[in-house]
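**Q** Encoded as structure tokens, here's the structure I'll be asking about.
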Amino acid sequence: MSDQWRNRLMLAVALLLAAIYLFPLYWMYVTALKTGSAMFATPPKFLPSEPQWGIYSFVWESRNMGRYLWNSLVIALGAVSLIAVLGVGCAYVLARYRNAWVDVGLFLILMLQVLPASLMVTPIFVGFSQFGLLETPRFAVILAIAAKNMPFFVVLVRATFMSVPMELEEAALVDGNSRIGAFFNIALPLARNGILVSAILIFMQAFGEFVYSKSMIQAVELQPASVGLNTFMGPNTNEWNNIMAYATIYVTPVLAVFVLLQRRIVSGLTSGALK
Amino acid sequence: MKKIIFSVTDGRGFDIGLVLLPLAFLFVLSGLPLVYNVVMSFQEVDMFSLGSFVRPFVGFKNYVDLFAQPETQPILLNTALFVSASIAGQFIIGFGLALFFWMNFPGASWLRGLFLVSWIMPGLVVGAIWNWILSGDFGVLNFFLRETGVIAGNIFWRSDPNYSLWAVIIANIWLGTSFNMILLSVGLSAIPKDLYEAAELDGATALQRFFTITLPMMRSTIGAIIALGLIFTLQQFDLFAGITSGGPNNSSNVTQYWAWDLSFRQYDFAKGATISVIMIVLVMLASVVYVRSTRHEVRG
């Protein structure tokens, strides 16, 4: 069967390409397990000879990672909740109407989506400090992230609502449901999966957010894991195995969620980004 | 009063409320800072006047000062190089990979999706990994390049001013390639298959089919992806913080990092705001291109 051989060959090449592309990730996992001297060996070892499994608990303790990750979680969950509560309704309305106002709204939202965080942080920081919001720095960062990421969420969820047929809601209205009832009982449950995938995407971005947290959170005990990683990497560091262990602990949960939900995340992302 | 309540629970008021609340939120937290940014770029802002709303206006002084600084021109050139090299690299590699995975074989779509981990990871972690890979004496990239005979001696990617910007560009190409590839794959799968069948019957070679069918059919997708690439590249901040911090001696500094550096390292908020204004105008121009090239899809 020549078709079968062709498929096998293609798969082999594809696996090779993926292996090359994902090598940096592999290098992170391998470096974390190396001893201090194995790390600087020439030629470098591609399999650790004596894996140091204890490094994870060592880095977790010494860098106080529990606290950093907790702060990341608080910030990411806060931002996602705020975005979801405000964004779902907005996406719904923008999906249900077709007129000039909706076009204007969509255009404004797309424009806000593209503002770079590192450029917006200057006015946001000065404004927040004037209104005393920096007294509660994590909340300030949640607000900033919500403003930055909500447009993207609205665009993604709008694509989901567009695929929910309007006739179902009209039927519910005929049956005596109110507008609120039709929205909560019909439209929202049908769009649940799309909303969830978009929320996970936003969560991942907020979980790794750096600029706002670095600029607005001065107190170490409130900083998220991204800022912690940044302070760990001094200019002349040679603790690369510890840093890679830190990075491993930080990204492995994110990667696990992504690999599990890969198909849904990819299709949700592509439906929004090009529409 | 009753009418209003009825409208909110069961009429257009419900829809208007749903859309006005988030728009008000965005106006306060994105729109107002945008305006405030422009105002600050015309003011004199220092550590003492940071907390007050009344600051002296200085006209275009910040802009004039900014362009009189010796580092401004090199940083603008760095930004242009960073953006064009990143977009070119991401797009060409991404297109190649998309074309390869477009040939159907079992497992293609799953493997293709796996590439996206580079895009999903926190930017600072990507920066840390590449910082280590690009290290001068013990970096694994130098090892590969030496073994394959591309270079004779180690390149000090992060500390050599000739290479420091390229260190960030390499990391950024890796980060963005997968995103380009996924979006290009979507565009490729939308091309009707019978076009290729017809061309094959007429005797067109693979190369001819690529240039006469694939490229023209992908025109709007490619436009959107290049514009998106420009937007994402101008947002890239974490890699600079994670790899070179703009150094050595500004050789790898770009405007989006410089604006932050001026505000939060040198506490010159007025200058930071001034660069922000200039760059935001540029980003908005790019996004107009993006919106225009996806417009027919927005309308459905």
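Residue numbering restarts at 1 for every chain of the structure tokens, chains are lettered A, B, ... in their displayed order, and ligands are numbered from 1 as they appear.
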Tell me which protein, DNA and RNA residues are within 12 Å of Gly89 of chain A, counting only C-alpha atoms, leaving out same-chain ones fewer than 6 positions away, and put them as a VMD selection string.

**A** (chain A and resid 83 95 to 96 150 153 to 155 157 to 158 161 180 183 to 184 187 to 188 191 195) or (chain B and resid 14 to 23)

**Q** Can you write out the residues you just picked, keeping C-alpha atoms, as a PDB file, in the first residue's frame?

**A**
```pdb
ATOM      1  CA  ILE A  83     -14.138  39.939  31.863  1.00  0.00           C
ATOM      2  CA  ALA A  95     -23.824  39.112  17.638  1.00  0.00           C
ATOM      3  CA  ARG A  96     -27.598  39.658  17.535  1.00  0.00           C
ATOM      4  CA  MET A 150     -11.877  42.075  27.353  1.00  0.00           C
ATOM      5  CA  PHE A 153     -12.824  37.880  24.787  1.00  0.00           C
ATOM      6  CA  VAL A 154     -15.766  39.758  23.263  1.00  0.00           C
ATOM      7  CA  VAL A 155     -14.547  39.001  19.736  1.00  0.00           C
ATOM      8  CA  VAL A 157     -17.498  34.906  22.337  1.00  0.00           C
ATOM      9  CA  ARG A 158     -19.326  36.902  19.686  1.00  0.00           C
ATOM     10  CA  PHE A 161     -23.134  33.463  19.772  1.00  0.00           C
ATOM     11  CA  ILE A 180     -33.890  37.981  30.235  1.00  0.00           C
ATOM     12  CA  PHE A 183     -30.965  34.944  27.284  1.00  0.00           C
ATOM     13  CA  PHE A 184     -30.265  32.951  30.437  1.00  0.00           C
ATOM     14  CA  ALA A 187     -28.621  31.532  24.486  1.00  0.00           C
ATOM     15  CA  LEU A 188     -26.255  31.217  27.438  1.00  0.00           C
ATOM     16  CA  ALA A 191     -22.892  29.091  24.016  1.00  0.00           C
ATOM     17  CA  ILE A 195     -17.491  30.916  26.517  1.00  0.00           C
TER      18      ILE A 195
ATOM     19  CA  PHE B  14     -31.987  44.758  28.187  1.00  0.00           C
ATOM     20  CA  ASP B  15     -29.712  44.658  25.150  1.00  0.00           C
ATOM     21  CA  ILE B  16     -28.648  48.266  25.531  1.00  0.00           C
ATOM     22  CA  GLY B  17     -27.776  47.684  29.186  1.00  0.00           C
ATOM     23  CA  LEU B  18     -25.770  44.591  28.336  1.00  0.00           C
ATOM     24  CA  VAL B  19     -23.649  46.488  25.859  1.00  0.00           C
ATOM     25  CA  LEU B  20     -23.370  49.854  27.607  1.00  0.00           C
ATOM     26  CA  LEU B  21     -21.973  48.537  30.891  1.00  0.00           C
ATOM     27  CA  PRO B  22     -18.854  46.915  29.386  1.00  0.00           C
ATOM     28  CA  LEU B  23     -18.395  49.820  26.992  1.00  0.00           C
TER      29      LEU B  23
END
```

**Q** What residues in segment 51-136 of chain B get the DSSP label alpha helix (DSSP H)? Please answer as JSON, numbers by chain.

**A** {"B": [61, 62, 63, 64, 65, 66, 67, 68, 72, 73, 74, 75, 76, 77, 78, 79, 80, 81, 82, 83, 84, 85, 86, 87, 88, 89, 90, 91, 92, 93, 94, 95, 96, 97, 98, 99, 100, 101, 102, 108, 109, 110, 111, 112, 113, 114, 117, 118, 119, 120, 123, 124, 125, 126, 127, 128, 129, 130, 131, 132, 133]}

**Q** Could you save the residues just selected, with C-alpha atoms, as a PDB file, in the first residue's frame?

**A**
```
ATOM      1  CA  LYS B  61       8.855  70.383  24.400  1.00  0.00           C
ATOM      2  CA  ASN B  62       8.744  66.664  25.253  1.00  0.00           C
ATOM      3  CA  TYR B  63       8.567  65.732  21.596  1.00  0.00           C
ATOM      4  CA  VAL B  64      11.406  68.072  20.642  1.00  0.00           C
ATOM      5  CA  ASP B  65      13.569  66.839  23.537  1.00  0.00           C
ATOM      6  CA  LEU B  66      12.840  63.246  22.668  1.00  0.00           C
ATOM      7  CA  PHE B  67      14.045  63.551  19.095  1.00  0.00           C
ATOM      8  CA  ALA B  68      17.092  65.513  20.219  1.00  0.00           C
ATOM      9  CA  THR B  72      16.226  57.974  19.876  1.00  0.00           C
ATOM     10  CA  GLN B  73      17.269  57.274  16.307  1.00  0.00           C
ATOM     11  CA  PRO B  74      19.031  53.947  16.992  1.00  0.00           C
ATOM     12  CA  ILE B  75      16.070  52.755  19.067  1.00  0.00           C
ATOM     13  CA  LEU B  76      13.626  53.639  16.298  1.00  0.00           C
ATOM     14  CA  LEU B  77      15.810  51.770  13.808  1.00  0.00           C
ATOM     15  CA  ASN B  78      15.989  48.809  16.201  1.00  0.00           C
ATOM     16  CA  THR B  79      12.208  48.792  16.395  1.00  0.00           C
ATOM     17  CA  ALA B  80      11.894  48.779  12.622  1.00  0.00           C
ATOM     18  CA  LEU B  81      14.411  45.927  12.330  1.00  0.00           C
ATOM     19  CA  PHE B  82      12.800  43.970  15.151  1.00  0.00           C
ATOM     20  CA  VAL B  83       9.348  44.285  13.612  1.00  0.00           C
ATOM     21  CA  SER B  84      10.308  43.487  10.031  1.00  0.00           C
ATOM     22  CA  ALA B  85      12.675  40.609  10.836  1.00  0.00           C
ATOM     23  CA  SER B  86      10.226  39.061  13.312  1.00  0.00           C
ATOM     24  CA  ILE B  87       7.271  39.275  10.947  1.00  0.00           C
ATOM     25  CA  ALA B  88       9.286  37.944   8.009  1.00  0.00           C
ATOM     26  CA  GLY B  89      10.657  35.021  10.022  1.00  0.00           C
ATOM     27  CA  GLN B  90       7.351  34.116  11.633  1.00  0.00           C
ATOM     28  CA  PHE B  91       5.461  34.352   8.381  1.00  0.00           C
ATOM     29  CA  ILE B  92       7.886  32.408   6.172  1.00  0.00           C
ATOM     30  CA  ILE B  93       8.449  29.553   8.641  1.00  0.00           C
ATOM     31  CA  GLY B  94       4.776  29.559   9.581  1.00  0.00           C
ATOM     32  CA  PHE B  95       3.678  29.393   5.936  1.00  0.00           C
ATOM     33  CA  GLY B  96       6.101  26.547   5.239  1.00  0.00           C
ATOM     34  CA  LEU B  97       4.791  24.560   8.182  1.00  0.00           C
ATOM     35  CA  ALA B  98       1.168  25.323   7.289  1.00  0.00           C
ATOM     36  CA  LEU B  99       1.728  24.091   3.724  1.00  0.00           C
ATOM     37  CA  PHE B 100       3.337  20.911   5.036  1.00  0.00           C
ATOM     38  CA  PHE B 101       0.532  20.129   7.496  1.00  0.00           C
ATOM     39  CA  TRP B 102      -2.021  20.959   4.801  1.00  0.00           C
ATOM     40  CA  ALA B 108      -1.789  16.206  11.183  1.00  0.00           C
ATOM     41  CA  SER B 109      -4.267  18.489  12.901  1.00  0.00           C
ATOM     42  CA  TRP B 110      -3.407  17.280  16.393  1.00  0.00           C
ATOM     43  CA  LEU B 111       0.337  17.736  15.871  1.00  0.00           C
ATOM     44  CA  ARG B 112      -0.246  21.112  14.282  1.00  0.00           C
ATOM     45  CA  GLY B 113      -2.191  22.265  17.316  1.00  0.00           C
ATOM     46  CA  LEU B 114       0.636  21.155  19.590  1.00  0.00           C
ATOM     47  CA  VAL B 117       2.306  25.809  23.121  1.00  0.00           C
ATOM     48  CA  SER B 118       4.953  28.395  22.223  1.00  0.00           C
ATOM     49  CA  TRP B 119       2.208  30.982  21.998  1.00  0.00           C
ATOM     50  CA  ILE B 120       0.294  29.888  25.075  1.00  0.00           C
ATOM     51  CA  GLY B 123       6.195  35.387  27.715  1.00  0.00           C
ATOM     52  CA  LEU B 124       8.635  35.668  30.570  1.00  0.00           C
ATOM     53  CA  VAL B 125       9.114  31.884  30.691  1.00  0.00           C
ATOM     54  CA  VAL B 126       9.846  31.884  26.955  1.00  0.00           C
ATOM     55  CA  GLY B 127      12.338  34.665  27.634  1.00  0.00           C
ATOM     56  CA  ALA B 128      14.007  32.660  30.425  1.00  0.00           C
ATOM     57  CA  ILE B 129      14.331  29.528  28.282  1.00  0.00           C
ATOM     58  CA  TRP B 130      15.816  31.417  25.341  1.00  0.00           C
ATOM     59  CA  ASN B 131      18.073  33.378  27.644  1.00  0.00           C
ATOM     60  CA  TRP B 132      19.599  30.049  28.670  1.00  0.00           C
ATOM     61  CA  ILE B 133      19.663  28.577  25.153  1.00  0.00           C
TER      62      ILE B 133
END
```

**Q** So how many Å separate atom CA of Ala247 of chain A and atom CA of Leu269 of chain A, to one decimal?

**A**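 Going from atom CA of Ala247 of chain A over to atom CA of Leu269 of chain A, I get 25.0 Å.
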
**Q** Point out the residue among B:Asp202, B:Glu71, B:Asp137, B:Glu44 with the least atom-to-atom distance to chain A, counting only C-alpha atoms.

**A**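 Of the candidates, the smallest distance to chain A is held by B:Asp137.
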
**Q** For the atom pair atom CA of Gly59 of chain B and atom CA of Asn37 of chain B, what is the interatomic distance in Å to one decimal place?

**A** 14.1 Å

**Q** Contacts of segment 65-73 of chain A at 6 Å or less, counting only C-alpha atoms, minus same-chain residues fewer than 3 places along, as number ranges by chain?

**A** A: 60, 76-77, 207, 224-225

**Q** Please identify all polymer residues within 12 Å of Phe40 of chain A, counting only C-alpha atoms, omitting same-chain residues fewer than 4 positions from it, and present them as a short mmCIF file (atom, residue, chain, number, x, y, z; two decimals) with N, CA and C atoms, in the first residue's frame.

**A**
```cif
data_model
loop_
_atom_site.label_atom_id
_atom_site.label_comp_id
_atom_site.auth_asym_id
_atom_site.auth_seq_id
_atom_site.Cartn_x
_atom_site.Cartn_y
_atom_site.Cartn_z
N THR A 31 17.21 20.70 31.62
CA THR A 31 18.14 21.52 32.40
C THR A 31 17.77 21.52 33.87
N LYS A 34 19.38 18.76 35.84
CA LYS A 34 20.83 18.58 35.83
C LYS A 34 21.47 19.09 37.11
N THR A 35 22.63 18.53 37.43
CA THR A 35 23.41 19.07 38.55
C THR A 35 24.12 20.33 38.09
N GLY A 36 24.66 21.07 39.05
CA GLY A 36 25.34 22.32 38.72
C GLY A 36 26.46 22.14 37.71
N PRO A 44 27.10 19.57 25.71
CA PRO A 44 25.98 19.43 26.65
C PRO A 44 25.35 18.03 26.57
N LYS A 45 24.89 17.54 27.70
CA LYS A 45 24.22 16.23 27.74
C LYS A 45 22.75 16.43 27.42
N ASN A 238 23.91 32.23 37.35
CA ASN A 238 24.34 30.95 36.80
C ASN A 238 23.54 29.79 37.39
N GLU A 239 22.42 30.14 38.03
CA GLU A 239 21.56 29.11 38.61
C GLU A 239 20.56 28.59 37.60
N TRP A 240 21.01 28.27 36.40
CA TRP A 240 20.01 27.99 35.37
C TRP A 240 19.16 26.77 35.67
N ASN A 241 19.72 25.78 36.37
CA ASN A 241 18.87 24.63 36.68
C ASN A 241 17.73 25.02 37.62
N TRP B 132 18.69 31.16 28.36
CA TRP B 132 19.60 30.05 28.67
C TRP B 132 20.12 29.41 27.39
N ILE B 133 19.23 29.20 26.41
CA ILE B 133 19.66 28.58 25.15
C ILE B 133 20.70 29.46 24.45
N SER B 135 22.80 31.51 25.78
CA SER B 135 23.94 31.89 26.60
C SER B 135 25.25 31.66 25.83
N GLY B 136 26.25 32.51 26.09
CA GLY B 136 27.45 32.53 25.25
C GLY B 136 28.33 31.30 25.35
N ASP B 137 28.78 30.97 26.57
CA ASP B 137 29.73 29.89 26.73
C ASP B 137 29.07 28.52 26.76
N PHE B 138 27.89 28.45 27.37
CA PHE B 138 27.29 27.14 27.61
C PHE B 138 25.95 26.98 26.89
N GLY B 139 25.61 27.94 26.03
CA GLY B 139 24.32 27.88 25.36
C GLY B 139 24.28 26.75 24.35
N VAL B 140 23.11 26.11 24.25
CA VAL B 140 22.99 24.95 23.38
C VAL B 140 22.91 25.38 21.91
N PHE B 143 26.33 25.57 20.64
CA PHE B 143 26.83 24.22 20.46
C PHE B 143 26.39 23.65 19.10
#
```

**Q** Excluding Trp53 of chain A and any residue of its chain fewer than 6 positions from it, enumerate the residues within 10 Å of it, using only C-alpha atoms, and give them as an MDAnalysis selection string.

**A** chainID A and resid 32:34 245

**Q** Given only C-alpha atoms as the basis, pick out the residue of A:Arg264, A:Arg138, A:Arg179, A:Arg8 nearest to Leu222 of chain A.

**A**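 Result for the nearest residue to Leu222 of chain A: A:Arg138.
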
**Q** Using only C-alpha atoms, find the one residue out of A:Phe210, A:Phe203, A:Tyr29, A:Phe232 that sits nearest to chain B.

**A**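 Of all the options, A:Phe210 lies closest to chain B.
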
**Q** State, in Å with one decimal place, the distance from atom CA of Tyr56 of chain A to atom CA of Leu134 of chain B.

**A**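 Taking atom CA of Tyr56 of chain A as the start and atom CA of Leu134 of chain B as the end point, the length is 23.7 Å.
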
**Q** Would you tabulate, counting only C-alpha atoms, all residues of segment 216-300 of chain B that have an atom at most 10 Å from an atom of segment 187-198 of chain B, showing the closest pair of atoms and their distance in Å to one decimal, sorted by chain then ascending number, as JSON lines?

**A**
```
{"residue": "B:Met217", "atom": "CA", "partner": "B:Ile191", "partner_atom": "CA", "distance": 6.8}
{"residue": "B:Met218", "atom": "CA", "partner": "B:Gly187", "partner_atom": "CA", "distance": 6.3}
{"residue": "B:Arg219", "atom": "CA", "partner": "B:Gly187", "partner_atom": "CA", "distance": 9.4}
{"residue": "B:Ser220", "atom": "CA", "partner": "B:Gly187", "partner_atom": "CA", "distance": 9.0}
{"residue": "B:Thr221", "atom": "CA", "partner": "B:Gly187", "partner_atom": "CA", "distance": 6.1}
{"residue": "B:Ile222", "atom": "CA", "partner": "B:Gly187", "partner_atom": "CA", "distance": 8.5}
```

**Q** Which one of A:Thr252, A:Gln223, A:Ser49, A:Asn242 sits closest to Thr136 of chain A if you count only C-alpha atoms?

**A**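 Going through A:Thr252, A:Gln223, A:Ser49, A:Asn242 one by one, the smallest distance to Thr136 of chain A is for A:Gln223.
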
**Q** Write out as a list in words each polymer residue whose atoms come within 10 Å of Lys214 of chain A, counting only C-alpha atoms; drop sequence neighbours fewer than 4 positions from it.

**A**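 Here the qualifying residues turn out to be Val141, Glu209, Phe210, Gln218, Gln223, Pro224, Ser226, Val227, Gly228, Asn230 and Thr231 of chain A; Phe264 of chain B.
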
**Q** Store the residues picked out above, limited to N, CA and C atoms, as a CSV table (one decimal), in the first residue's frame.

**A**
```
chain,number,residue,atom,x,y,z
A,141,VAL,N,-4.2,45.7,39.2
A,141,VAL,CA,-3.7,44.9,38.1
A,141,VAL,C,-4.9,44.1,37.4
A,209,GLU,N,0.8,37.2,32.9
A,209,GLU,CA,0.9,38.6,32.6
A,209,GLU,C,2.1,39.2,33.4
A,210,PHE,N,2.8,40.1,32.8
A,210,PHE,CA,4.0,40.6,33.5
A,210,PHE,C,4.1,42.2,33.6
A,218,GLN,N,4.4,46.8,44.1
A,218,GLN,CA,5.7,46.9,44.7
A,218,GLN,C,6.0,45.9,45.8
A,223,GLN,N,3.2,40.0,44.7
A,223,GLN,CA,3.6,39.8,43.3
A,223,GLN,C,3.3,38.4,42.7
A,224,PRO,N,3.0,38.4,41.4
A,224,PRO,CA,2.7,37.1,40.8
A,224,PRO,C,4.0,36.4,40.4
A,226,SER,N,5.2,35.6,37.5
A,226,SER,CA,6.0,36.2,36.4
A,226,SER,C,7.1,37.2,37.0
A,227,VAL,N,6.6,38.0,37.9
A,227,VAL,CA,7.5,39.0,38.5
A,227,VAL,C,8.6,38.2,39.3
A,228,GLY,N,8.1,37.2,40.0
A,228,GLY,CA,9.1,36.4,40.8
A,228,GLY,C,10.2,35.8,39.9
A,230,ASN,N,11.2,37.0,37.1
A,230,ASN,CA,12.1,38.1,36.7
A,230,ASN,C,13.1,38.5,37.7
A,231,THR,N,12.7,38.5,39.0
A,231,THR,CA,13.7,38.9,40.0
A,231,THR,C,14.7,37.7,40.2
B,264,PHE,N,9.4,53.8,34.3
B,264,PHE,CA,9.4,53.1,35.6
B,264,PHE,C,10.9,52.8,36.0
```

**Q** When distances are computed from only C-alpha atoms, which of A:Ala219, A:Ile186, A:Val259, A:Ala12 shows the smallest separation from chain B?

**A** A:Val259
